[in-house]
Structure formats: C-alpha cells, structure tokens
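> Handing you a structure now.
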Amino acid sequence: MQTLPSFLSFKPRDFSLPNSSWGSEMMRMYDHYNSQCEVETEGGEKQEGKWRRLPSYNRLLKYATGGLYLSKMIQSNARLFTRHIRDPGAAFEYVLFVNSEEQKCVCIFQAGHLLEGPPGHVHGGAIATMIDTVTGTHATVLSGPVMTANLNINYRSPIPLGSTVLLESSLDKKEGRKTFIRCRVTSTDGSKLHSETSALFLSITVSHLLLGV
Ligand SMILES: CCCCC/C=C\C/C=C\C/C=C\C/C=C\CCCC(=O)SCCNC(=O)CCNC(=O)[C@H](O)C(C)(C)COP(=O)(O)OP(=O)(O)OC[C@H]1O[C@@H](n2cnc3c(N)ncnc32)[C@H](O)[C@@H]1OP(=O)(O)O
C-alpha cells in the first residue's frame with residue numbers, strides 16, 4: 001500500500017511509538033503495558049484491555065478536532081516543550097498508558113543526554129517537566145481541560161542520565177474545579193524511589209487560555 005506524502009496526511013505524527021533510540025528496558029516496559037491494551041477472549045476475539053496507550057503529539061492543539069490545521073494557523077512554530085527536539089533519544093522519550101478503571105496512569109520515560117543537571121544525572125527541572133506532563137495528562141483525562149496550579153515535588157534519589165524510569169500517577173481526590181493527583185517516580189522494577197509529588201490542577205475554560213480570564 002502506498003503512503004501519502006506527510007503534507008497530505010491527516011493524522012499528526014504520534015511521538016509515543018517506539019523508535020530506534022529506545023533501549024531494551026524502554027522496549028520491555030512498553031511491551032509489558034502495550035500487551036495489556038488489547039486482550040484475546042477464550043473465543044479468540046480481540047477486546048479492549050485495562051490499559052490504553054495515549055498518542056503524543058508535538059502540540060496539544062492537535063488533540064482537538066481540526067487541530068492539525070489550527071496548529072498551522074496559530075503560532076505555527078510553537079512546539080510542546082517535551083517534543084521539540086528532533087534527534088531521537090536526545091531528550092524526552094516517553095509513552096503514557098491510562099487505566100481508567102483504576103484511575104491510574106503510567107509513563108515510561110527514557111532520559112536522554114541533553115537533560116543533564118548534576119554530572120551524569122537528570123536535571124530536576126526536566127524531572128518536574130515529566131511529572132507535570134504525566135499528572136497534567138492524567139488530570140485532563142479525568143477532568144477535561146486543566147492548568148497546573150501547584151506541583152509539590154520531593155526529590156529522593158538522583159536519576160542516572162540515559163536510564164529508563166517509571167512515573168505512576170493516581171487520583172487523590174476531586175473537589176469541584178480542583179483535581180488532586182499524586183505521582184511517584186521509581187526505577188522500572190520499583191525498588192528505587194526517585195521522587196514523590198502531589199499536584200493540584202484547576203479546570204479551565206477555553207477563554208482562560210485565550211483571554212487569561
Ligand atoms: C477524555 C479523553 C481525553 C484524552 C486526553 C488525551 C491526551 C491528553 C491531552 C493533553 C494533555 C494535557 C496536558 C499535558 C501536558 C502538559 C501539562 C502542562 C500543564 C501546565 O504546565 S499548565 C502551565 C503552568 N500553569 C499555569 O501557568 C497556571 C497559572 N495560573 C492560572 O492560570 C490560575 O491561577 C489558575 C487557572 C490555576 C487558577 O485561577 P482561577 O482564577 O481559575 O481560580 P482561582 O484563583 O479563583 O482559584 C480557584 C480555587 O483554587 C484554589 N487555588 C488556586 N490556585 C491554587 C494554588 N496554587 N494552590 C492551592 N489552591 C489554589 C483557590 O484557593 C480557589 O479555592 P476555593 O474555591 O476553595 O476558594
């Protein structure tokens with residue numbers, strides 16, 4: 001089958017699919033969750049599993065209907081902070097899975113060499129960026145459009161540059177416009193705790209983004 005040239009394609013590029021920079025641990029974890037997105041019944045039929053992989057685009061606008069076109073019209077050179085580096089593996093490589101039944105979200109994150117903070121380790125701001133991304137996405141799935149109001153991170157142990165870690169976020173509570181989320185960053189086997197976070201998101205309307213009110 002022939003593929004259309006990218007300028008004629010109507011689907012934005014999904015950055016959360018495996019690429020050649022993904023190491024063996026990143027791939028192993030991806031396969032672990034991806035295999036639970038679709039399960040086979042005893043009768044051999046395919047049905048939805050408990051996890052769902054979320055696509056990842058380089059602008060949040062692209063999630064909206066007609067967003068691909070909007071993204072060409074509105075600040076066309078703007079890019080999502082975590083998805084603007086073209087060199088695969090150089091910075092943020094990650095994929096998110098959502099478990100709606102348990103109101104959980106996991107992210108497998110491989111930290112590239114451009115994210116250095118302390119020598120050989122990941123910058124605290126890059127870690128915060130990933131926590132904001134995961135908890136923000138989770139809050140969006142649970143509550144619709146939100147903005148981060150508060151992110152409270154305790155850094156417990158440094159993350160080696162190049163390593164793959166797991167971010168696990170869970171709903172703490174919802175109160176009116178407020179969604180409270182917790183997030184732990186650990187080694188992929190769960191034995192090492194890297195950070196613990198509590199985050200608050202406030203539901204917003206589109207006019208808040210456009211007009212700041
Ligand atoms: C269903 C399928 C969906 C599929 C989805 C698929 C994929 C996901 C798609 C997209 C993923 C989305 C995101 C992921 C990516 C990145 C995430 C990045 C998110 C960000 O990076 S975003 C930028 C940083 N973020 C800001 O730039 C915010 C600046 N800020 C403001 O824009 C305002 O500040 C705002 C809106 C926060 C609140 O303003 P406001 O006017 O609406 O509300 P107001 O102030 O009246 O407060 C109302 C009540 O919240 C309490 N309250 C307020 N702030 C508080 C605080 N800090 N601590 C404790 N309590 C607080 C008050 O005390 C009051 O409480 P009470 O009602 O009890 O009195």
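Please note that chains go A, B, ... in the order of the structure tokens, that every chain numbers its residues from 1, and that ligands are numbered from 1 in the order shown.
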Can you check which parts of chain A lie within 10 Å of ligand 1? Per residue, the shortest pair of atoms and distance in Å to one decimal, counting only C-alpha atoms and all ligand atoms, sorted by chain and number, as a tab-separated table.

```
residue	atom	partner	partner_atom_place_in_ligand_line	distance
A:Arg53	CA	ligand 1	6 (C)	9.6
A:Leu54	CA	ligand 1	7 (C)	6.2
A:Pro55	CA	ligand 1	7 (C)	7.0
A:Ser56	CA	ligand 1	7 (C)	7.3
A:Tyr57	CA	ligand 1	9 (C)	8.8
A:Arg59	CA	ligand 1	10 (C)	8.9
A:Leu60	CA	ligand 1	10 (C)	5.6
A:Leu61	CA	ligand 1	10 (C)	8.5
A:Lys62	CA	ligand 1	9 (C)	9.0
A:Tyr63	CA	ligand 1	9 (C)	6.4
A:Ala64	CA	ligand 1	9 (C)	9.0
A:Leu80	CA	ligand 1	15 (C)	8.0
A:Phe81	CA	ligand 1	16 (C)	8.6
A:Thr82	CA	ligand 1	16 (C)	8.6
A:Leu96	CA	ligand 1	7 (C)	9.2
A:Val98	CA	ligand 1	6 (C)	9.4
A:Ser100	CA	ligand 1	1 (C)	9.9
A:Ala128	CA	ligand 1	21 (O)	9.9
A:Thr129	CA	ligand 1	18 (C)	7.8
A:Met130	CA	ligand 1	16 (C)	8.4
A:Ile131	CA	ligand 1	17 (C)	8.6
A:Asp132	CA	ligand 1	17 (C)	5.3
A:Thr133	CA	ligand 1	16 (C)	4.1
A:Val134	CA	ligand 1	14 (C)	6.5
A:Thr135	CA	ligand 1	17 (C)	7.4
A:Gly136	CA	ligand 1	17 (C)	4.4
A:Thr137	CA	ligand 1	11 (C)	3.9
A:His138	CA	ligand 1	8 (C)	7.2
A:Ala139	CA	ligand 1	12 (C)	7.8
A:Thr140	CA	ligand 1	12 (C)	5.7
A:Val141	CA	ligand 1	3 (C)	4.2
A:Leu142	CA	ligand 1	1 (C)	6.9
A:Ser143	CA	ligand 1	1 (C)	7.9
A:Gly144	CA	ligand 1	1 (C)	6.6
A:Pro145	CA	ligand 1	12 (C)	7.5
A:Val146	CA	ligand 1	22 (S)	7.4
A:Met147	CA	ligand 1	22 (S)	4.2
A:Thr148	CA	ligand 1	25 (N)	4.3
A:Ala149	CA	ligand 1	37 (C)	4.1
A:Asn150	CA	ligand 1	57 (N)	4.6
A:Leu151	CA	ligand 1	57 (N)	8.3
A:Asn152	CA	ligand 1	58 (N)	10.0
A:Glu175	CA	ligand 1	68 (O)	8.6
A:Gly176	CA	ligand 1	67 (O)	8.1
A:Arg177	CA	ligand 1	49 (C)	7.2
A:Lys178	CA	ligand 1	50 (O)	6.6
A:Thr179	CA	ligand 1	50 (O)	9.8
A:Ala199	CA	ligand 1	58 (N)	9.0
A:Leu200	CA	ligand 1	58 (N)	6.8
A:Phe201	CA	ligand 1	37 (C)	6.8
A:Leu202	CA	ligand 1	37 (C)	5.4
A:Ser203	CA	ligand 1	36 (C)	7.1
A:Ile204	CA	ligand 1	36 (C)	6.1
A:Thr205	CA	ligand 1	42 (O)	8.6
A:His208	CA	ligand 1	36 (C)	7.3
A:Leu209	CA	ligand 1	32 (O)	8.0
A:Gly212	CA	ligand 1	32 (O)	7.0
A:Val213	CA	ligand 1	41 (O)	6.9
```
> Would you mind listing, for every residue of stretch 52-122 of chain A within 10 Å of stretch 14-37 of chain A, the two atoms forming the shortest contact and the distance between them in Å to one decimal, using only C-alpha atoms, sorted by chain and ascending residue number, as JSON lines?

```
{"residue": "A:Arg52", "atom": "CA", "partner": "A:Cys37", "partner_atom": "CA", "distance": 5.2}
{"residue": "A:Arg53", "atom": "CA", "partner": "A:Asn34", "partner_atom": "CA", "distance": 6.9}
{"residue": "A:Leu54", "atom": "CA", "partner": "A:Ser16", "partner_atom": "CA", "distance": 7.8}
{"residue": "A:Pro55", "atom": "CA", "partner": "A:Asp14", "partner_atom": "CA", "distance": 5.6}
{"residue": "A:Ser56", "atom": "CA", "partner": "A:Asp14", "partner_atom": "CA", "distance": 5.2}
{"residue": "A:Tyr57", "atom": "CA", "partner": "A:Asp14", "partner_atom": "CA", "distance": 5.5}
{"residue": "A:Asn58", "atom": "CA", "partner": "A:Phe15", "partner_atom": "CA", "distance": 7.5}
{"residue": "A:Arg83", "atom": "CA", "partner": "A:Phe15", "partner_atom": "CA", "distance": 7.6}
{"residue": "A:Asp87", "atom": "CA", "partner": "A:Ser21", "partner_atom": "CA", "distance": 9.2}
{"residue": "A:Pro88", "atom": "CA", "partner": "A:Ser21", "partner_atom": "CA", "distance": 5.8}
{"residue": "A:Gly89", "atom": "CA", "partner": "A:Ser21", "partner_atom": "CA", "distance": 4.9}
{"residue": "A:Ala90", "atom": "CA", "partner": "A:Ser21", "partner_atom": "CA", "distance": 8.5}
{"residue": "A:Glu93", "atom": "CA", "partner": "A:Ser16", "partner_atom": "CA", "distance": 7.7}
{"residue": "A:Tyr94", "atom": "CA", "partner": "A:Ser16", "partner_atom": "CA", "distance": 6.2}
{"residue": "A:Val95", "atom": "CA", "partner": "A:Ser16", "partner_atom": "CA", "distance": 4.8}
{"residue": "A:Leu96", "atom": "CA", "partner": "A:Ser16", "partner_atom": "CA", "distance": 7.6}
{"residue": "A:Phe97", "atom": "CA", "partner": "A:Tyr33", "partner_atom": "CA", "distance": 7.2}
{"residue": "A:Val98", "atom": "CA", "partner": "A:Cys37", "partner_atom": "CA", "distance": 9.5}
{"residue": "A:Asn99", "atom": "CA", "partner": "A:Cys37", "partner_atom": "CA", "distance": 9.4}
{"residue": "A:Val106", "atom": "CA", "partner": "A:Tyr33", "partner_atom": "CA", "distance": 9.0}
{"residue": "A:Cys107", "atom": "CA", "partner": "A:Tyr30", "partner_atom": "CA", "distance": 9.3}
{"residue": "A:Ile108", "atom": "CA", "partner": "A:Met26", "partner_atom": "CA", "distance": 6.8}
{"residue": "A:Phe109", "atom": "CA", "partner": "A:Met26", "partner_atom": "CA", "distance": 7.4}
{"residue": "A:Gln110", "atom": "CA", "partner": "A:Met26", "partner_atom": "CA", "distance": 6.6}
{"residue": "A:Gly112", "atom": "CA", "partner": "A:Ser21", "partner_atom": "CA", "distance": 9.4}
```
> Include N, CA and C atoms and write out the residues we just selected as an mmCIF file, in the first residue's frame.

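For reference, out.cif as written:
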```cif
data_model
loop_
_atom_site.group_PDB
_atom_site.id
_atom_site.type_symbol
_atom_site.label_atom_id
_atom_site.label_comp_id
_atom_site.auth_asym_id
_atom_site.auth_seq_id
_atom_site.Cartn_x
_atom_site.Cartn_y
_atom_site.Cartn_z
ATOM 1 N N ARG A 52 -4.747 1.704 28.164
ATOM 2 C CA ARG A 52 -4.919 2.339 26.851
ATOM 3 C C ARG A 52 -3.704 3.220 26.620
ATOM 4 N N ARG A 53 -3.042 3.028 25.473
ATOM 5 C CA ARG A 53 -1.890 3.892 25.162
ATOM 6 C C ARG A 53 -2.400 5.221 24.648
ATOM 7 N N LEU A 54 -1.826 6.315 25.171
ATOM 8 C CA LEU A 54 -2.242 7.631 24.683
ATOM 9 C C LEU A 54 -1.287 8.080 23.579
ATOM 10 N N PRO A 55 -1.818 8.575 22.476
ATOM 11 C CA PRO A 55 -0.925 9.141 21.458
ATOM 12 C C PRO A 55 -0.276 10.408 22.003
ATOM 13 N N SER A 56 0.823 10.810 21.409
ATOM 14 C CA SER A 56 1.521 12.008 21.887
ATOM 15 C C SER A 56 1.931 12.859 20.691
ATOM 16 N N TYR A 57 1.442 14.100 20.667
ATOM 17 C CA TYR A 57 1.712 14.995 19.537
ATOM 18 C C TYR A 57 2.632 16.131 19.981
ATOM 19 N N ASN A 58 3.178 16.855 19.005
ATOM 20 C CA ASN A 58 4.117 17.920 19.389
ATOM 21 C C ASN A 58 3.440 19.269 19.650
ATOM 22 N N ARG A 83 8.507 17.726 23.190
ATOM 23 C CA ARG A 83 8.519 17.045 21.882
ATOM 24 C C ARG A 83 9.150 17.889 20.786
ATOM 25 N N ASP A 87 16.298 15.077 17.307
ATOM 26 C CA ASP A 87 17.212 13.941 17.379
ATOM 27 C C ASP A 87 16.619 12.859 18.316
ATOM 28 N N PRO A 88 16.197 11.701 17.785
ATOM 29 C CA PRO A 88 15.560 10.695 18.650
ATOM 30 C C PRO A 88 16.505 10.272 19.782
ATOM 31 N N GLY A 89 15.957 10.204 20.978
ATOM 32 C CA GLY A 89 16.738 9.736 22.125
ATOM 33 C C GLY A 89 17.546 10.801 22.818
ATOM 34 N N ALA A 90 17.628 12.021 22.249
ATOM 35 C CA ALA A 90 18.490 13.051 22.829
ATOM 36 C C ALA A 90 17.907 13.658 24.102
ATOM 37 N N GLU A 93 12.185 10.845 25.822
ATOM 38 C CA GLU A 93 11.488 9.736 25.140
ATOM 39 C C GLU A 93 10.503 9.168 26.147
ATOM 40 N N TYR A 94 9.222 9.172 25.816
ATOM 41 C CA TYR A 94 8.253 8.670 26.790
ATOM 42 C C TYR A 94 6.962 8.226 26.129
ATOM 43 N N VAL A 95 6.256 7.374 26.851
ATOM 44 C CA VAL A 95 4.945 6.905 26.405
ATOM 45 C C VAL A 95 4.050 6.761 27.636
ATOM 46 N N LEU A 96 2.781 7.167 27.468
ATOM 47 C CA LEU A 96 1.829 7.102 28.586
ATOM 48 C C LEU A 96 0.742 6.065 28.323
ATOM 49 N N PHE A 97 0.388 5.368 29.380
ATOM 50 C CA PHE A 97 -0.745 4.439 29.339
ATOM 51 C C PHE A 97 -1.719 4.827 30.449
ATOM 52 N N VAL A 98 -3.024 4.741 30.143
ATOM 53 C CA VAL A 98 -4.052 5.102 31.125
ATOM 54 C C VAL A 98 -4.870 3.866 31.473
ATOM 55 N N ASN A 99 -5.161 3.734 32.768
ATOM 56 C CA ASN A 99 -6.056 2.679 33.241
ATOM 57 C C ASN A 99 -7.268 3.372 33.858
ATOM 58 N N VAL A 106 0.374 5.501 33.851
ATOM 59 C CA VAL A 106 1.814 5.245 33.966
ATOM 60 C C VAL A 106 2.527 5.846 32.764
ATOM 61 N N CYS A 107 3.763 6.232 33.012
ATOM 62 C CA CYS A 107 4.591 6.755 31.921
ATOM 63 C C CYS A 107 5.953 6.078 32.001
ATOM 64 N N ILE A 108 6.419 5.600 30.865
ATOM 65 C CA ILE A 108 7.762 5.028 30.795
ATOM 66 C C ILE A 108 8.622 6.105 30.146
ATOM 67 N N PHE A 109 9.674 6.499 30.852
ATOM 68 C CA PHE A 109 10.465 7.674 30.438
ATOM 69 C C PHE A 109 11.941 7.298 30.349
ATOM 70 N N GLN A 110 12.517 7.524 29.168
ATOM 71 C CA GLN A 110 13.955 7.322 28.958
ATOM 72 C C GLN A 110 14.581 8.703 28.804
ATOM 73 N N GLY A 112 17.316 11.324 27.928
ATOM 74 C CA GLY A 112 18.459 11.459 27.016
ATOM 75 C C GLY A 112 19.541 12.395 27.530
#
```
> For each of A:Gly44, A:Gln103, A:Ser207, A:Thr186, take the minimum atom-to-atom distance to A:Lys174, counting only C-alpha atoms, then give the residue where this is smallest.
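Closest to A:Lys174, using only C-alpha atoms: A:Gln103.
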> Can you list every residue in stretch 7-195 of chain A that DSSP puts in alpha helix (DSSP H), as an NGL selection string?
:A and (24-34 or 67-73 or 124-143)
> Would you export the selected residues with N, CA and C atoms as a compact mmCIF listing (two decimals), in the first residue's frame, please?

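As a result, out_26.txt now contains:
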```txt
# COMPACT_ATOMS: atom_id res chain seq x y z
N SER A 24 16.66 -1.34 25.59
CA SER A 24 15.95 -2.60 25.85
C SER A 24 14.97 -2.48 27.01
N GLU A 25 15.30 -1.68 28.04
CA GLU A 25 14.39 -1.55 29.18
C GLU A 25 13.14 -0.77 28.79
N MET A 26 13.34 0.28 27.99
CA MET A 26 12.22 1.08 27.49
C MET A 26 11.27 0.19 26.67
N MET A 27 11.87 -0.65 25.80
CA MET A 27 11.06 -1.54 24.94
C MET A 27 10.35 -2.60 25.78
N ARG A 28 11.08 -3.13 26.76
CA ARG A 28 10.48 -4.19 27.60
C ARG A 28 9.25 -3.65 28.35
N MET A 29 9.39 -2.45 28.92
CA MET A 29 8.27 -1.86 29.66
C MET A 29 7.11 -1.49 28.72
N TYR A 30 7.48 -0.97 27.54
CA TYR A 30 6.45 -0.62 26.54
C TYR A 30 5.65 -1.88 26.18
N ASP A 31 6.38 -2.98 25.89
CA ASP A 31 5.70 -4.22 25.51
C ASP A 31 4.81 -4.72 26.65
N HIS A 32 5.29 -4.55 27.88
CA HIS A 32 4.54 -5.01 29.05
C HIS A 32 3.16 -4.34 29.11
N TYR A 33 3.13 -3.01 28.97
CA TYR A 33 1.83 -2.30 29.06
C TYR A 33 1.05 -2.40 27.75
N ASN A 34 1.76 -2.33 26.64
CA ASN A 34 1.06 -2.36 25.35
C ASN A 34 0.32 -3.69 25.15
N GLY A 67 -7.43 20.14 14.78
CA GLY A 67 -6.25 20.72 15.44
C GLY A 67 -5.01 20.80 14.56
N LEU A 68 -4.92 19.84 13.62
CA LEU A 68 -3.76 19.82 12.72
C LEU A 68 -3.72 21.12 11.91
N TYR A 69 -4.91 21.57 11.49
CA TYR A 69 -5.00 22.81 10.70
C TYR A 69 -4.82 24.02 11.61
N LEU A 70 -5.46 23.96 12.80
CA LEU A 70 -5.32 25.07 13.75
C LEU A 70 -3.85 25.29 14.09
N SER A 71 -3.11 24.17 14.24
CA SER A 71 -1.71 24.29 14.66
C SER A 71 -0.85 24.94 13.57
N LYS A 72 -1.34 24.90 12.33
CA LYS A 72 -0.61 25.60 11.25
C LYS A 72 -0.98 27.08 11.22
N MET A 73 -2.16 27.40 11.80
CA MET A 73 -2.62 28.79 11.75
C MET A 73 -2.21 29.59 12.98
N GLY A 124 16.72 18.45 37.60
CA GLY A 124 15.48 18.47 38.38
C GLY A 124 14.32 19.11 37.62
N GLY A 125 14.63 20.10 36.80
CA GLY A 125 13.58 20.75 36.01
C GLY A 125 13.02 19.82 34.94
N ALA A 126 13.90 18.97 34.40
CA ALA A 126 13.43 18.00 33.39
C ALA A 126 12.54 16.95 34.05
N ILE A 127 12.90 16.59 35.29
CA ILE A 127 12.07 15.62 36.03
C ILE A 127 10.71 16.27 36.32
N ALA A 128 10.74 17.53 36.76
CA ALA A 128 9.49 18.26 37.04
C ALA A 128 8.63 18.36 35.78
N THR A 129 9.29 18.60 34.65
CA THR A 129 8.57 18.69 33.37
C THR A 129 7.82 17.39 33.08
N MET A 130 8.50 16.26 33.31
CA MET A 130 7.84 14.98 33.04
C MET A 130 6.71 14.71 34.03
N ILE A 131 6.92 15.12 35.29
CA ILE A 131 5.86 14.92 36.30
C ILE A 131 4.65 15.78 35.93
N ASP A 132 4.90 17.03 35.52
CA ASP A 132 3.82 17.93 35.11
C ASP A 132 3.07 17.34 33.90
N THR A 133 3.84 16.79 32.96
CA THR A 133 3.24 16.20 31.76
C THR A 133 2.33 15.02 32.11
N VAL A 134 2.83 14.14 32.98
CA VAL A 134 2.08 12.93 33.30
C VAL A 134 0.86 13.26 34.17
N THR A 135 1.06 14.06 35.23
CA THR A 135 -0.07 14.39 36.09
C THR A 135 -1.06 15.29 35.34
N GLY A 136 -0.54 16.18 34.49
CA GLY A 136 -1.41 17.07 33.69
C GLY A 136 -2.24 16.29 32.70
N THR A 137 -1.63 15.32 32.05
CA THR A 137 -2.38 14.48 31.11
C THR A 137 -3.43 13.67 31.86
N HIS A 138 -3.01 13.12 33.00
CA HIS A 138 -3.96 12.31 33.79
C HIS A 138 -5.14 13.17 34.24
N ALA A 139 -4.85 14.38 34.73
CA ALA A 139 -5.94 15.27 35.17
C ALA A 139 -6.85 15.63 33.99
N THR A 140 -6.27 15.79 32.79
CA THR A 140 -7.07 16.11 31.60
C THR A 140 -8.00 14.95 31.27
N VAL A 141 -7.47 13.73 31.35
CA VAL A 141 -8.29 12.55 31.07
C VAL A 141 -9.45 12.46 32.07
N LEU A 142 -9.16 12.81 33.35
CA LEU A 142 -10.18 12.68 34.39
C LEU A 142 -11.17 13.85 34.40
N SER A 143 -10.68 15.06 34.08
CA SER A 143 -11.50 16.26 34.32
C SER A 143 -11.66 17.18 33.13
```
> Can you work out which one of A:Val39, A:Leu114, A:Leu210, A:Val165 has the shortest atom-to-atom distance to A:Lys192, counting only C-alpha atoms?
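Looking at the shortest contact to A:Lys192, the residue is A:Val165.
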> Work out how far atom CA of A:Pro158 is from atom CA of A:Ser187, in Å to one decimal.
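That distance, rounded to one decimal, is 10.7 Å.
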> List as a PyMOL selection string the protein and nucleic acid residues near A:Cys183, meaning an atom at most 7 Å away when only C-alpha atoms are counted, but skip any in the same chain fewer than 2 places from it.
chain A and resi 135+167-170+181+185+196-198
